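upload_8.txt follows; it contains compact mmCIF, C-alpha atoms.
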# COMPACT_ATOMS: atom_id res chain seq x y z
CA MET M 1 7.59 20.64 -9.60
CA ASP M 2 7.17 18.54 -6.46
CA ARG M 3 3.76 16.86 -6.52
CA THR M 4 2.35 15.40 -3.31
CA GLN M 5 1.29 11.78 -3.77
CA ASN M 6 -2.37 11.19 -3.03
CA CYS M 7 -3.05 7.83 -1.36
CA ALA M 8 -6.36 7.47 -3.21
CA GLU M 9 -4.42 7.36 -6.50
CA CYS M 10 -1.76 4.97 -5.21
CA GLU M 11 -1.62 1.33 -6.28
CA PHE M 12 -0.36 0.30 -2.80
CA MET M 13 -3.32 1.69 -0.84
CA ARG M 14 -5.48 -1.06 0.65
CA MET M 15 -8.64 -0.99 2.75
CA TYR M 16 -10.34 -3.47 5.04
CA ASP M 17 -13.65 -3.10 6.80
CA TYR M 18 -14.22 -4.58 10.26
CA GLY M 19 -16.96 -2.25 11.42
CA LYS M 20 -14.87 0.75 10.30
CA ARG M 21 -12.95 1.29 7.09
CA ILE M 22 -9.24 1.12 7.83
CA TYR M 23 -6.83 2.27 5.13
CA TYR M 24 -3.23 1.17 4.97
CA CYS M 25 -0.17 1.20 2.72
CA ASP M 26 0.96 -2.19 1.39
CA HIS M 27 4.29 -0.97 -0.08
CA GLU M 28 7.16 -3.27 0.94
CA ASP M 29 9.63 -0.36 1.40
CA ARG M 30 7.51 1.65 3.86
CA ILE M 31 9.37 2.63 7.03
CA ASP M 32 6.20 2.49 9.14
CA ASP M 33 5.67 -1.19 10.05
CA MET M 34 1.89 -0.94 10.34
CA GLY M 35 1.40 1.24 7.27
CA LYS M 36 -1.83 2.62 8.74
CA LEU M 37 -3.08 5.67 6.87
CA SER M 38 -6.40 6.46 8.55
CA VAL M 39 -9.74 5.20 9.83
CA GLY M 40 -13.00 6.22 8.17
CA GLU M 41 -11.65 8.17 5.21
CA LEU M 42 -8.40 8.61 3.32
CA PRO M 43 -6.10 11.51 4.20
CA LYS M 44 -5.86 14.38 1.69
CA GLY M 45 -2.15 13.83 1.07
CA SER M 46 0.36 11.17 1.90
CA PRO M 47 2.15 10.53 5.22
CA GLU M 48 5.73 11.67 5.79
CA TRP M 49 6.94 8.07 5.70
CA CYS M 50 5.50 7.38 2.23
CA PRO M 51 8.15 5.49 0.19
CA LEU M 52 6.94 7.09 -3.05
CA ASN M 53 7.58 10.57 -1.61
CA GLU M 54 11.12 9.51 -0.73
CA LYS M 55 11.80 8.43 -4.33
CA ASN M 56 10.49 11.74 -5.70
CA ARG M 57 12.76 13.89 -3.55

Do you think you could lay out the structure here as structure tokens?
Amino acid sequence: MDRTQNCAECEFMRMYDYGKRIYYCDHEDRIDDMGKLSVGELPKGSPEWCPLNEKNR
């Protein structure tokens, strides 16, 4: 069964708050240089570029 990774459960998810909560992925193997996930709230699933999704495929 292919389970979609949830960023809220991920050990690599980080957040900083400079007026707005900005969530990002801190995984060293991400293919997105910024690693930005969202602003305000976490997405329901994980982005297409998530390195953990790549390993599960």

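A search radius of 8 Å centred on (5.0, 7.0, 8.0), applied to only C-alpha atoms, returns the residues Arg30, Ile31, Asp32, Gly35, Pro47, Glu48, Trp49 and Cys50 of chain M.
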
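One finds atom CA of Ser46 of chain M at 11.9 Å from atom CA of Phe12 of chain M.
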
- Query: atom CA of Tyr18 of chain M and atom CA of Leu52 of chain M, how far apart in Å?
  - Reply: 27.6 Å

- Task: Measuring atom to atom with all atoms listed in the file, identify which of M:Pro51, M:Asn6, M:Gly40, M:Arg14 is nearest to Glu28 of chain M.
- Result: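 Of the candidates, the smallest distance to Glu28 of chain M is held by M:Pro51.
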
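Interatomic distance, atom CA of Lys44 of chain M to atom CA of Asp26 of chain M: 17.9 Å.
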
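Distance check against Met34 of chain M using all atoms listed in the file: of M:Cys10, M:Ile22, M:Asp17, M:Asn53, the minimum falls on M:Ile22.
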